[in-house]
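What follows is the content of query.tsv (TSV, C-alpha atoms).
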chain	number	residue	atom	x	y	z
A	23	MET	CA	-5.33	37.58	-59.64
A	24	ALA	CA	-1.58	37.62	-58.73
A	25	CYS	CA	-0.75	36.28	-62.18
A	26	SER	CA	-2.86	39.01	-63.82
A	27	THR	CA	-1.13	41.73	-61.75
A	28	ALA	CA	2.30	40.40	-62.62
A	29	LYS	CA	1.38	40.32	-66.28
A	30	ARG	CA	0.19	43.94	-66.19
A	31	THR	CA	3.40	45.04	-64.43
A	32	ALA	CA	5.53	43.23	-67.00
A	33	LEU	CA	3.61	44.80	-69.86
A	34	ALA	CA	3.99	48.27	-68.34
A	35	ALA	CA	7.72	47.78	-67.90
A	36	ALA	CA	8.00	46.57	-71.49
A	37	ALA	CA	6.10	49.64	-72.71
A	38	LEU	CA	8.44	51.89	-70.75
A	39	LEU	CA	11.48	50.24	-72.30
A	40	ALA	CA	9.91	50.49	-75.74
A	41	LEU	CA	9.40	54.22	-75.29
A	42	ALA	CA	13.02	54.59	-74.23
A	43	ALA	CA	14.16	52.66	-77.30
A	44	CYS	CA	12.15	55.04	-79.49
A	45	GLY	CA	14.01	58.01	-78.08
A	46	ASP	CA	11.21	59.36	-75.86
A	47	GLY	CA	13.06	58.34	-72.73
A	48	GLY	CA	16.46	57.32	-71.46
A	49	SER	CA	17.71	55.64	-68.33
A	50	SER	CA	20.76	55.93	-66.14
A	51	GLY	CA	21.83	54.82	-62.71
A	52	GLY	CA	22.50	51.76	-60.67
A	53	GLY	CA	19.31	49.69	-60.98
A	54	GLY	CA	17.83	50.62	-57.57
A	55	THR	CA	14.94	52.98	-56.88
A	56	LEU	CA	13.25	53.97	-60.17
A	57	VAL	CA	12.88	57.74	-60.54
A	58	GLY	CA	11.07	59.35	-63.46
A	59	LEU	CA	12.31	62.66	-64.89
A	60	VAL	CA	9.72	64.30	-67.15
A	61	THR	CA	10.87	67.59	-68.70
A	62	LYS	CA	9.16	70.07	-71.00
A	63	THR	CA	11.48	69.20	-73.91
A	64	ASP	CA	14.75	67.31	-74.30
A	65	THR	CA	16.49	69.95	-76.45
A	66	ASN	CA	16.50	73.08	-74.26
A	67	PRO	CA	19.91	73.25	-72.50
A	68	PHE	CA	18.11	73.92	-69.21
A	69	PHE	CA	16.50	70.49	-69.32
A	70	VAL	CA	19.64	68.84	-70.66
A	71	LYS	CA	21.39	70.11	-67.53
A	72	MET	CA	18.54	68.74	-65.40
A	73	LYS	CA	19.12	65.30	-66.89
A	74	GLU	CA	22.81	65.65	-66.08
A	75	GLY	CA	22.01	66.55	-62.48
A	76	ALA	CA	19.60	63.63	-62.17
A	77	GLN	CA	22.20	61.24	-63.57
A	78	GLN	CA	24.82	62.50	-61.12
A	79	ALA	CA	22.47	61.98	-58.20
A	80	ALA	CA	21.50	58.54	-59.51
A	81	GLY	CA	25.15	57.55	-59.34
A	82	SER	CA	25.50	58.67	-55.73
A	83	THR	CA	22.19	57.24	-54.47
A	84	GLY	CA	22.04	54.00	-56.44
A	85	ALA	CA	18.77	55.06	-58.11
A	86	THR	CA	17.83	54.54	-61.75
A	87	VAL	CA	16.50	57.57	-63.65
A	88	GLN	CA	14.11	57.10	-66.57
A	89	SER	CA	13.74	60.34	-68.53
A	90	PHE	CA	10.95	61.58	-70.79
A	91	ALA	CA	10.08	64.89	-72.45
A	92	GLY	CA	7.34	66.63	-74.37
A	93	LYS	CA	7.78	66.93	-78.12
A	94	GLN	CA	7.78	70.71	-77.74
A	95	ASP	CA	7.10	73.29	-75.06
A	96	GLY	CA	3.39	73.05	-74.24
A	97	ASP	CA	3.01	69.34	-75.10
A	98	ASN	CA	0.96	68.06	-72.17
A	99	GLN	CA	-0.09	64.71	-73.65
A	100	SER	CA	3.44	63.31	-73.86
A	101	GLN	CA	3.88	64.10	-70.17
A	102	VAL	CA	0.56	62.40	-69.34
A	103	ASP	CA	1.75	59.29	-71.21
A	104	ALA	CA	5.09	59.34	-69.39
A	105	ILE	CA	3.42	59.44	-65.98
A	106	GLU	CA	1.15	56.54	-66.91
A	107	ASN	CA	4.15	54.46	-67.94
A	108	LEU	CA	6.14	55.33	-64.83
A	109	ILE	CA	3.24	54.34	-62.58
A	110	GLY	CA	2.99	51.01	-64.38
A	111	ALA	CA	6.73	50.41	-64.20
A	112	GLY	CA	6.81	50.77	-60.43
A	113	ALA	CA	8.60	54.10	-60.10
A	114	LYS	CA	8.96	55.41	-56.55
A	115	GLY	CA	8.76	59.03	-57.61
A	116	ILE	CA	8.53	61.49	-60.48
A	117	LEU	CA	10.31	64.78	-61.11
A	118	ILE	CA	8.37	66.92	-63.58
A	119	THR	CA	8.69	70.31	-65.24
A	120	PRO	CA	5.05	70.65	-66.32
A	121	ASN	CA	4.20	71.85	-69.80
A	122	ASP	CA	0.73	72.78	-68.54
A	123	SER	CA	0.64	73.41	-64.80
A	124	LYS	CA	-3.12	72.84	-64.60
A	125	ALA	CA	-3.81	70.16	-67.21
A	126	ILE	CA	-1.21	67.74	-65.80
A	127	VAL	CA	-2.74	67.76	-62.30
A	128	PRO	CA	-5.14	64.79	-62.81
A	129	SER	CA	-2.19	62.63	-63.90
A	130	VAL	CA	-0.13	63.80	-60.94
A	131	ASP	CA	-3.06	63.00	-58.63
A	132	LYS	CA	-3.17	59.48	-60.06
A	133	ALA	CA	0.56	59.02	-59.46
A	134	ARG	CA	0.31	60.20	-55.86
A	135	GLN	CA	-2.68	57.95	-55.21
A	136	ALA	CA	-0.52	55.07	-56.46
A	137	GLY	CA	2.03	55.94	-53.76
A	138	LEU	CA	4.60	57.86	-55.83
A	139	LEU	CA	6.31	61.01	-54.54
A	140	VAL	CA	5.83	63.75	-57.15
A	141	ILE	CA	8.16	66.75	-57.17
A	142	ALA	CA	7.70	69.65	-59.58
A	143	LEU	CA	10.97	71.13	-60.84
A	144	ASP	CA	11.29	74.77	-61.92
A	145	THR	CA	7.56	75.27	-62.62
A	146	GLN	CA	4.94	74.92	-59.89
A	147	LEU	CA	1.73	73.04	-60.49
A	148	GLU	CA	-1.56	74.87	-60.16
A	149	PRO	CA	-2.46	74.55	-57.35
A	150	GLY	CA	1.04	74.28	-55.93
A	151	ASP	CA	0.07	71.59	-53.42
A	152	ALA	CA	-0.94	69.25	-56.25
A	153	ALA	CA	2.66	68.03	-56.03
A	154	ASP	CA	4.29	66.73	-52.87
A	155	ALA	CA	6.97	69.40	-53.25
A	156	THR	CA	8.43	71.91	-55.72
A	157	PHE	CA	12.17	72.46	-56.18
A	158	ALA	CA	12.61	75.69	-58.06
A	159	THR	CA	14.07	79.09	-58.57
A	160	ASP	CA	12.03	81.80	-56.89
A	161	ASN	CA	10.83	82.94	-60.32
A	162	TYR	CA	9.08	86.01	-58.93
A	163	GLN	CA	12.33	87.05	-57.28
A	164	ALA	CA	14.24	86.34	-60.51
A	165	GLY	CA	11.95	88.72	-62.37
A	166	LYS	CA	12.07	91.25	-59.57
A	167	LEU	CA	15.89	91.36	-59.63
A	168	ILE	CA	16.08	92.22	-63.33
A	169	GLY	CA	13.25	94.73	-62.87
A	170	GLN	CA	15.06	96.46	-60.02
A	171	TRP	CA	18.27	96.54	-62.03
A	172	ALA	CA	16.51	98.04	-65.06
A	173	LYS	CA	14.76	100.62	-62.88
A	174	ALA	CA	18.08	101.72	-61.37
A	175	LYS	CA	19.75	101.89	-64.79
A	176	PHE	CA	16.98	103.99	-66.35
A	177	ALA	CA	16.85	106.30	-63.32
A	178	LYS	CA	20.61	106.83	-63.46
A	179	GLU	CA	20.43	107.62	-67.19
A	180	GLY	CA	17.35	109.83	-66.78
A	181	LYS	CA	15.39	107.84	-69.38
A	182	GLN	CA	11.66	107.18	-69.58
A	183	ALA	CA	10.98	103.54	-70.34
A	184	LYS	CA	8.92	102.11	-73.17
A	185	ILE	CA	8.60	98.47	-72.22
A	186	ALA	CA	8.04	95.36	-74.33
A	187	LEU	CA	7.39	92.07	-72.54
A	188	LEU	CA	8.20	88.85	-74.40
A	189	ASP	CA	6.45	86.05	-72.52
A	190	LEU	CA	6.25	82.28	-73.03
A	191	ASN	CA	2.85	81.27	-74.44
A	192	PRO	CA	-0.86	82.09	-74.03
A	193	ASN	CA	-1.36	79.49	-71.26
A	194	GLN	CA	0.00	81.77	-68.52
A	195	VAL	CA	1.77	78.93	-66.71
A	196	SER	CA	3.10	79.83	-63.28
A	197	VAL	CA	6.75	80.36	-64.24
A	198	ASP	CA	5.72	82.70	-67.05
A	199	VAL	CA	3.42	84.75	-64.83
A	200	GLN	CA	5.86	84.94	-61.94
A	201	ARG	CA	8.81	86.17	-64.00
A	202	ASP	CA	6.71	88.72	-65.93
A	203	GLN	CA	4.98	90.11	-62.86
A	204	GLY	CA	8.14	90.06	-60.77
A	205	PHE	CA	9.94	92.11	-63.41
A	206	LEU	CA	7.15	94.69	-63.54
A	207	GLU	CA	6.97	94.98	-59.76
A	208	GLY	CA	10.75	95.35	-59.59
A	209	PHE	CA	10.54	98.14	-62.15
A	210	GLY	CA	7.84	99.90	-60.16
A	211	VAL	CA	4.74	99.03	-62.19
A	212	ASP	CA	1.40	98.37	-60.47
A	213	VAL	CA	0.73	94.77	-61.57
A	214	LYS	CA	-2.87	94.73	-60.25
A	215	ASP	CA	-3.47	90.93	-60.10
A	216	LYS	CA	0.01	89.43	-59.73
A	217	ASN	CA	-1.35	86.04	-60.89
A	218	LYS	CA	-2.29	87.38	-64.32
A	219	ILE	CA	-0.24	88.70	-67.23
A	220	GLY	CA	-1.44	91.75	-69.14
A	221	ASP	CA	-3.97	93.47	-66.87
A	222	GLU	CA	-1.65	96.42	-66.13
A	223	SER	CA	-2.60	99.93	-67.24
A	224	ASP	CA	0.82	101.61	-66.93
A	225	PRO	CA	1.41	103.78	-70.03
A	226	ARG	CA	5.08	102.76	-70.11
A	227	ILE	CA	4.07	99.28	-71.25
A	228	VAL	CA	3.91	99.00	-75.04
A	229	GLY	CA	2.60	95.46	-74.94
A	230	HIS	CA	3.09	91.72	-74.40
A	231	ASP	CA	3.72	89.02	-76.98
A	232	VAL	CA	4.62	85.32	-76.77
A	233	THR	CA	7.79	83.56	-77.90
A	234	ASP	CA	7.53	79.83	-77.04
A	235	GLY	CA	10.83	80.46	-75.30
A	236	ASP	CA	12.93	80.15	-78.44
A	237	PRO	CA	14.92	82.51	-80.72
A	238	SER	CA	12.51	82.46	-83.67
A	239	GLY	CA	9.59	83.24	-81.39
A	240	GLY	CA	11.57	85.99	-79.71
A	241	ARG	CA	12.39	87.58	-83.03
A	242	THR	CA	8.79	87.48	-84.26
A	243	ALA	CA	7.41	88.86	-80.99
A	244	MET	CA	9.96	91.69	-81.03
A	245	GLU	CA	9.10	92.53	-84.64
A	246	ASN	CA	5.40	92.64	-83.75
A	247	LEU	CA	5.93	94.99	-80.83
A	248	LEU	CA	8.30	97.26	-82.77
A	249	GLN	CA	5.53	97.72	-85.32
A	250	LYS	CA	3.30	98.83	-82.47
A	251	ASP	CA	5.89	101.29	-81.13
A	252	PRO	CA	9.35	101.71	-82.71
A	253	GLY	CA	10.45	103.66	-79.65
A	254	ILE	CA	10.68	100.62	-77.36
A	255	ASN	CA	13.83	100.90	-75.24
A	256	LEU	CA	13.43	98.17	-72.58
A	257	VAL	CA	12.71	94.53	-73.36
A	258	TYR	CA	11.91	91.83	-70.81
A	259	THR	CA	12.18	88.25	-72.07
A	260	ILE	CA	11.02	84.99	-70.47
A	261	ASN	CA	14.41	83.38	-71.16
A	262	GLU	CA	17.71	83.90	-72.94
A	263	PRO	CA	16.88	82.10	-76.21
A	264	ALA	CA	13.94	84.50	-76.61
A	265	ALA	CA	16.31	87.36	-75.75
A	266	ALA	CA	18.69	86.27	-78.51
A	267	GLY	CA	15.83	86.36	-81.01
A	268	ALA	CA	14.68	89.76	-79.79
A	269	TYR	CA	18.21	91.12	-80.27
A	270	GLU	CA	18.28	89.88	-83.86
A	271	ALA	CA	15.04	91.75	-84.57
A	272	LEU	CA	16.39	94.90	-82.95
A	273	LYS	CA	19.63	94.60	-84.89
A	274	ALA	CA	17.77	94.18	-88.17
A	275	ALA	CA	15.84	97.35	-87.35
A	276	GLY	CA	19.05	99.22	-86.44
A	277	LYS	CA	17.92	99.67	-82.84
A	278	GLU	CA	20.13	97.24	-80.93
A	279	LYS	CA	22.26	100.01	-79.35
A	280	ASP	CA	19.21	101.92	-78.12
A	281	VAL	CA	17.46	99.08	-76.27
A	282	THR	CA	18.19	97.34	-72.96
A	283	ILE	CA	17.32	93.63	-72.79
A	284	VAL	CA	16.85	91.77	-69.51
A	285	SER	CA	16.17	88.07	-69.10
A	286	VAL	CA	16.14	85.00	-66.86
A	287	ASP	CA	18.11	81.73	-67.02
A	288	GLY	CA	21.85	82.15	-66.58
A	289	GLY	CA	22.75	79.57	-69.19
A	290	CYS	CA	26.27	79.79	-70.62
A	291	PRO	CA	25.17	81.27	-74.00
A	292	GLY	CA	23.04	83.84	-72.17
A	293	VAL	CA	25.87	84.85	-69.85
A	294	GLN	CA	28.14	85.15	-72.90
A	295	ASN	CA	25.53	87.56	-74.26
A	296	VAL	CA	25.74	89.55	-71.02
A	297	LYS	CA	29.52	89.70	-71.47
A	298	ALA	CA	29.04	90.82	-75.09
A	299	GLY	CA	26.57	93.54	-74.09
A	300	ILE	CA	23.63	91.93	-75.91
A	301	ILE	CA	21.76	91.27	-72.66
A	302	GLY	CA	22.06	93.92	-69.96
A	303	ALA	CA	21.29	91.63	-67.02
A	304	THR	CA	19.98	88.14	-66.44
A	305	ALA	CA	18.84	86.19	-63.38
A	306	GLN	CA	20.78	82.93	-63.10
A	307	GLN	CA	19.08	79.77	-61.90
A	308	TYR	CA	20.44	76.30	-61.17
A	309	PRO	CA	18.69	73.37	-62.93
A	310	LEU	CA	21.42	70.85	-62.13
A	311	LYS	CA	20.87	71.45	-58.42
A	312	MET	CA	17.08	71.13	-58.79
A	313	ALA	CA	17.34	67.67	-60.32
A	314	GLN	CA	20.10	66.47	-57.98
A	315	LEU	CA	18.06	67.41	-54.93
A	316	GLY	CA	14.96	65.86	-56.50
A	317	VAL	CA	16.52	62.45	-57.07
A	318	GLU	CA	18.05	62.51	-53.59
A	319	ALA	CA	14.62	63.34	-52.10
A	320	ILE	CA	12.90	60.46	-53.91
A	321	ALA	CA	15.67	58.04	-52.87
A	322	LYS	CA	15.17	59.11	-49.24
A	323	PHE	CA	11.39	58.78	-49.57
A	324	ALA	CA	11.81	55.25	-50.95
A	325	LYS	CA	14.06	54.38	-48.01
A	326	ASP	CA	12.10	55.74	-45.05
A	327	GLY	CA	9.03	57.65	-46.28
A	328	THR	CA	10.48	61.09	-45.53
A	329	LYS	CA	9.10	63.92	-47.66
A	330	PRO	CA	10.96	67.17	-48.49
A	331	GLN	CA	10.43	70.27	-46.33
A	332	ASN	CA	9.92	73.69	-47.92
A	333	THR	CA	12.34	76.58	-47.51
A	334	PRO	CA	11.20	78.54	-44.42
A	335	GLY	CA	8.68	81.22	-45.38
A	336	LYS	CA	8.07	79.79	-48.86
A	337	ASP	CA	5.76	77.17	-50.33
A	338	PHE	CA	8.60	75.46	-52.25
A	339	VAL	CA	12.25	74.49	-51.92
A	340	ASP	CA	14.22	77.51	-53.15
A	341	THR	CA	17.26	76.44	-55.21
A	342	GLY	CA	18.63	79.98	-55.53
A	343	VAL	CA	18.93	82.85	-58.04
A	344	THR	CA	21.72	85.37	-58.75
A	345	LEU	CA	21.62	88.57	-60.81
A	346	ILE	CA	24.35	88.53	-63.48
A	347	THR	CA	25.44	91.82	-65.06
A	348	ASP	CA	28.59	93.73	-65.96
A	349	GLN	CA	26.80	97.01	-65.20
A	350	ALA	CA	26.31	96.84	-61.45
A	351	ALA	CA	23.46	99.01	-60.16
A	352	GLU	CA	23.53	100.66	-56.75
A	353	GLY	CA	21.30	98.88	-54.27
A	354	VAL	CA	20.87	95.73	-56.39
A	355	GLU	CA	23.14	92.83	-55.44
A	356	SER	CA	24.78	91.16	-58.46
A	357	LYS	CA	27.72	89.15	-59.78
A	358	ASP	CA	29.61	89.86	-63.00
A	359	SER	CA	29.69	87.75	-66.16
A	360	ALA	CA	32.99	86.12	-65.18
A	361	TRP	CA	31.32	84.69	-62.07
A	362	GLY	CA	28.25	83.84	-64.14
A	363	LEU	CA	30.33	81.83	-66.63
A	364	GLN	CA	31.86	79.84	-63.79
A	365	ASN	CA	28.37	78.87	-62.57
A	366	CYS	CA	26.39	78.65	-65.82
A	367	TRP	CA	24.84	75.69	-67.56
A	368	GLY	CA	24.13	74.69	-71.16

As C-alpha cells, please, write out the structure in this file.
Amino acid sequence: MACSTAKRTALAAAALLALAACGDGGSSGGGGTLVGLVTKTDTNPFFVKMKEGAQQAAGSTGATVQSFAGKQDGDNQSQVDAIENLIGAGAKGILITPNDSKAIVPSVDKARQAGLLVIALDTQLEPGDAADATFATDNYQAGKLIGQWAKAKFAKEGKQAKIALLDLNPNQVSVDVQRDQGFLEGFGVDVKDKNKIGDESDPRIVGHDVTDGDPSGGRTAMENLLQKDPGINLVYTINEPAAAGAYEALKAAGKEKDVTIVSVDGGCPGVQNVKAGIIGATAQQYPLKMAQLGVEAIAKFAKDGTKPQNTPGKDFVDTGVTLITDQAAEGVESKDSAWGLQNCWG
C-alpha cells in the first residue's frame, strides 16, 4: 500500500514537471513549501505581475511557486487540470484567479478536502466561501469610483449620458458583475439585482456587450453598440485593454473627442492612456500585492495552520483600489496619472 502511494505521488510529480516543460507551468523559489499559482491566462499583464509578486514572495519565504494558466480567458478545464496536478504533487496551497467562478468549485472542494489552503485572487468564487480566503480589489468599489467620477463630470458639464457598457463575457463571473454594477450605482442608476448584469431599465443605458477583456473584443463591442445608438457619450469597460479597443472604434467613427471612457485596472498602458486623454478615469488595483500576500499566507499555513483573516466588515482581504484621473472631480478622491504611473503594473 505504501509502495503504491509513493508510486502515485511520483507519477503526479512527474506529470506536473512535464506540464511545466510544455510551457503550461513554471516554477520559482527555494524548494520549500509548494504553492500553486493558477491564473486566467499567462499573457495578460495583470497576471504576469501576479507571477512576479508570487516569485518575490517565494524568495522571501523559501516557498516554491508552480504556475499554470488557462489557454484563454474562460478556459476552465486547464484550471481543473492544474488543480489535479497540484494536489498530486503535494502542494500546500493554491492561489487561483478563476476563469469560471462556479464551474471550478468542485475542483477547489477536492483540493481543500485534500488539506490544501485555497485562496482566490482578484475574482471571488461563487459562493465566496468555497475558497478559504479571497485576496482582491473591492471590485464593486472600483466600479463605483469611476461611476461617481463620471456622474460628477457629466453634472458639471450639464450633459445627459448615453451609456454603453463593455463587459467581460456572457458567464457573468463575479468580477464582471461587481465592476459593472458598481459603476452603474456610482453613476446613480437603479441596478435592481446587483448580482446580475443587464436587468436595469434606465433609459440612459444604450446597452451591454462583451469583450473577452481584450482590444479586439472591445473594438467589436463598441462598433456593435454604436450601430444601436451613434449618440453614445459614456463608455464603461471591464478593463483597459477593452477600453483601448473601444477607443479605436470611436476614433474610426470620428467620435473619440465626444465620448468619455472609464475603466478598471491601473496597468501602466492604461494609465498612459489616462495621461493621453484616451481614458478619462480608471480604478487602479494591485495584483503584485495580491500574489505576494497569497504566497505568504500559504507559507504561514504550512508552518502553523493559520488561515488568513478577512478585512473587517468585508468577506475578503481587500488589497486596495485608487481612482486615477487627470480631471479631478469634486467629492471623489483621486490621484493623478503621474502618481498612477509610479504605482502601475504591466

Please return the centre and edge lengths, in Å to one decimal, of a box with edges along x, y and z that contains all listed atoms of stretch 199-207 of chain A, widened by 3 Å on every side, as AutoDock Vina command-line options.
--center_x 6.7 --center_y 89.9 --center_z -62.8 --size_x 12.5 --size_y 16.2 --size_z 12.2

Check which residues of stretch 134-242 of chain A sit at most 6 Å from stretch 120-124 of chain A using all atoms listed in the file, and return one row each with the closest pair of atoms and their distance in Å to one decimal, ordered by chain and rising number, as a Markdown table.
| residue | atom | partner | partner_atom | distance |
| --- | --- | --- | --- | --- |
| A:Leu147 | CA | A:Ser123 | CA | 4.5 |
| A:Glu148 | CA | A:Lys124 | CA | 5.1 |
| A:Val195 | CA | A:Ser123 | CA | 5.9 |

Task: Point-to-point distance from atom CA of A:Thr347 to atom CA of A:Lys311, Å rounded to tenths - done: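 Interatomic distance, atom CA of A:Thr347 to atom CA of A:Lys311: 21.9 Å.
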
TODO: Point out the residue among A:Leu248, A:Ile109, A:Ala303, A:Ile346 with the least atom-to-atom distance to A:Glu278, counting all atoms listed in the file.
DONE: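 Checking each of A:Leu248, A:Ile109, A:Ala303, A:Ile346 against A:Glu278, counting all atoms listed in the file, the winner is A:Leu248.
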
Open item on the list: For a quick check of understanding, using all atoms listed in the file, which of A:Ile227, A:Ala265, A:Val199, A:Val60 has the smallest distance to A:Asp212?
Closed with: A:Ile227

Identify, on the basis of only C-alpha atoms, every residue whose closest approach to A:Asp215 does not exceed 12 Å; exclude the query and any residue fewer than 2 positions from it along the same chain; express the result as a short mmCIF file (atom, residue, chain, number, x, y, z; two decimals) with C-alpha atoms, keeping the file's coordinate frame.
data_model
loop_
_atom_site.label_atom_id
_atom_site.label_comp_id
_atom_site.auth_asym_id
_atom_site.auth_seq_id
_atom_site.Cartn_x
_atom_site.Cartn_y
_atom_site.Cartn_z
CA VAL A 199 3.42 84.75 -64.83
CA GLN A 200 5.86 84.94 -61.94
CA ASP A 202 6.71 88.72 -65.93
CA GLN A 203 4.98 90.11 -62.86
CA GLY A 204 8.14 90.06 -60.77
CA LEU A 206 7.15 94.69 -63.54
CA GLU A 207 6.97 94.98 -59.76
CA VAL A 211 4.74 99.03 -62.19
CA ASP A 212 1.40 98.37 -60.47
CA VAL A 213 0.73 94.77 -61.57
CA ASN A 217 -1.35 86.04 -60.89
CA LYS A 218 -2.29 87.38 -64.32
CA ILE A 219 -0.24 88.70 -67.23
CA GLY A 220 -1.44 91.75 -69.14
CA ASP A 221 -3.97 93.47 -66.87
CA GLU A 222 -1.65 96.42 -66.13
CA SER A 223 -2.60 99.93 -67.24
#

Task: Nearest residue to A:Asp160 from the set A:Asp337, A:Glu245, A:Asp189, A:Asp64 (distances using all atoms listed in the file) - done: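 Among the listed residues, A:Asp337 lies closest to A:Asp160.
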
Task: stretch 78-87 of chain A surroundings by all atoms listed in the file, 12 Å radius, close-in-sequence under 3 positions cut, as number ranges by chain - done: A: 42, 47-60, 71-75, 90, 108, 112-117, 310-325

Task: Atom-to-atom span, atom CA of A:Gly288 and atom CA of A:Gln307, Å - done: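 If I compute the distance from atom CA of A:Gly288 to atom CA of A:Gln307, I get 5.9 Å.
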
May I have a table of the residues of stretch 271-292 of chain A lying at most 9 Å from stretch 253-262 of chain A, giving each one's closest pair of atoms and their distance in Å to one decimal, counting all atoms listed in the file, ordered by chain and ascending residue number, as JSON lines?
{"residue": "A:Lys277", "atom": "CA", "partner": "A:Asn255", "partner_atom": "CA", "distance": 8.7}
{"residue": "A:Asp280", "atom": "CA", "partner": "A:Asn255", "partner_atom": "CA", "distance": 6.2}
{"residue": "A:Val281", "atom": "CA", "partner": "A:Asn255", "partner_atom": "CA", "distance": 4.2}
{"residue": "A:Thr282", "atom": "CA", "partner": "A:Leu256", "partner_atom": "CA", "distance": 4.8}
{"residue": "A:Ile283", "atom": "CA", "partner": "A:Val257", "partner_atom": "CA", "distance": 4.7}
{"residue": "A:Val284", "atom": "CA", "partner": "A:Tyr258", "partner_atom": "CA", "distance": 5.1}
{"residue": "A:Ser285", "atom": "CA", "partner": "A:Thr259", "partner_atom": "CA", "distance": 5.0}
{"residue": "A:Val286", "atom": "CA", "partner": "A:Asn261", "partner_atom": "CA", "distance": 4.9}
{"residue": "A:Asp287", "atom": "CA", "partner": "A:Asn261", "partner_atom": "CA", "distance": 5.8}
{"residue": "A:Gly288", "atom": "CA", "partner": "A:Glu262", "partner_atom": "CA", "distance": 7.8}
{"residue": "A:Gly289", "atom": "CA", "partner": "A:Glu262", "partner_atom": "CA", "distance": 7.6}
{"residue": "A:Pro291", "atom": "CA", "partner": "A:Glu262", "partner_atom": "CA", "distance": 8.0}
{"residue": "A:Gly292", "atom": "CA", "partner": "A:Glu262", "partner_atom": "CA", "distance": 5.4}

- [ ] Considering only C-alpha atoms, return as a PyMOL selection string whatever protein or nucleic-acid residues lie within 6 Å of A:Ile141, sequence-local ones (same chain, fewer than 2 positions apart) excluded.
- [x] chain A and resi 117+153-156

Task: Separation of atom CA of A:Asn193 from atom CA of A:Val127, in Å and rounded to one decimal - done: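 If I compute the distance from atom CA of A:Asn193 to atom CA of A:Val127, I get 14.8 Å.
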
Open item on the list: Taking (12.4, 87.0, -79.6) in the coordinates of the supplied file, I want to know which residues reach to within 7 Å of it, counting all atoms listed in the file; could you give the answer as a PyMOL selection string?
Closed with: chain A and resi 188+233+236-244+264-268

TODO: Compare A:Gln163, A:Asn191, A:Thr344, A:Gln170 by their minimum atom-to-atom distance to A:Asp97, counting all atoms listed in the file, and give me the closest one.
DONE: A:Asn191

Task: Neighbour residues at most 7 Å from (17.9, 75.8, -70.5) (only C-alpha atoms) as a PyMOL selection string - done: chain A and resi 66-69+287+289+368

Just to be explicit: take each residue in the selection above, keep C-alpha atoms, and write the result as a short mmCIF file (atom, residue, chain, number, x, y, z; two decimals), keeping the file's coordinate frame.
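What follows is the written file selection10.cif:
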data_model
loop_
_atom_site.label_atom_id
_atom_site.label_comp_id
_atom_site.auth_asym_id
_atom_site.auth_seq_id
_atom_site.Cartn_x
_atom_site.Cartn_y
_atom_site.Cartn_z
CA ASN A 66 16.50 73.08 -74.26
CA PRO A 67 19.91 73.25 -72.50
CA PHE A 68 18.11 73.92 -69.21
CA PHE A 69 16.50 70.49 -69.32
CA ASP A 287 18.11 81.73 -67.02
CA GLY A 289 22.75 79.57 -69.19
CA GLY A 368 24.13 74.69 -71.16
#
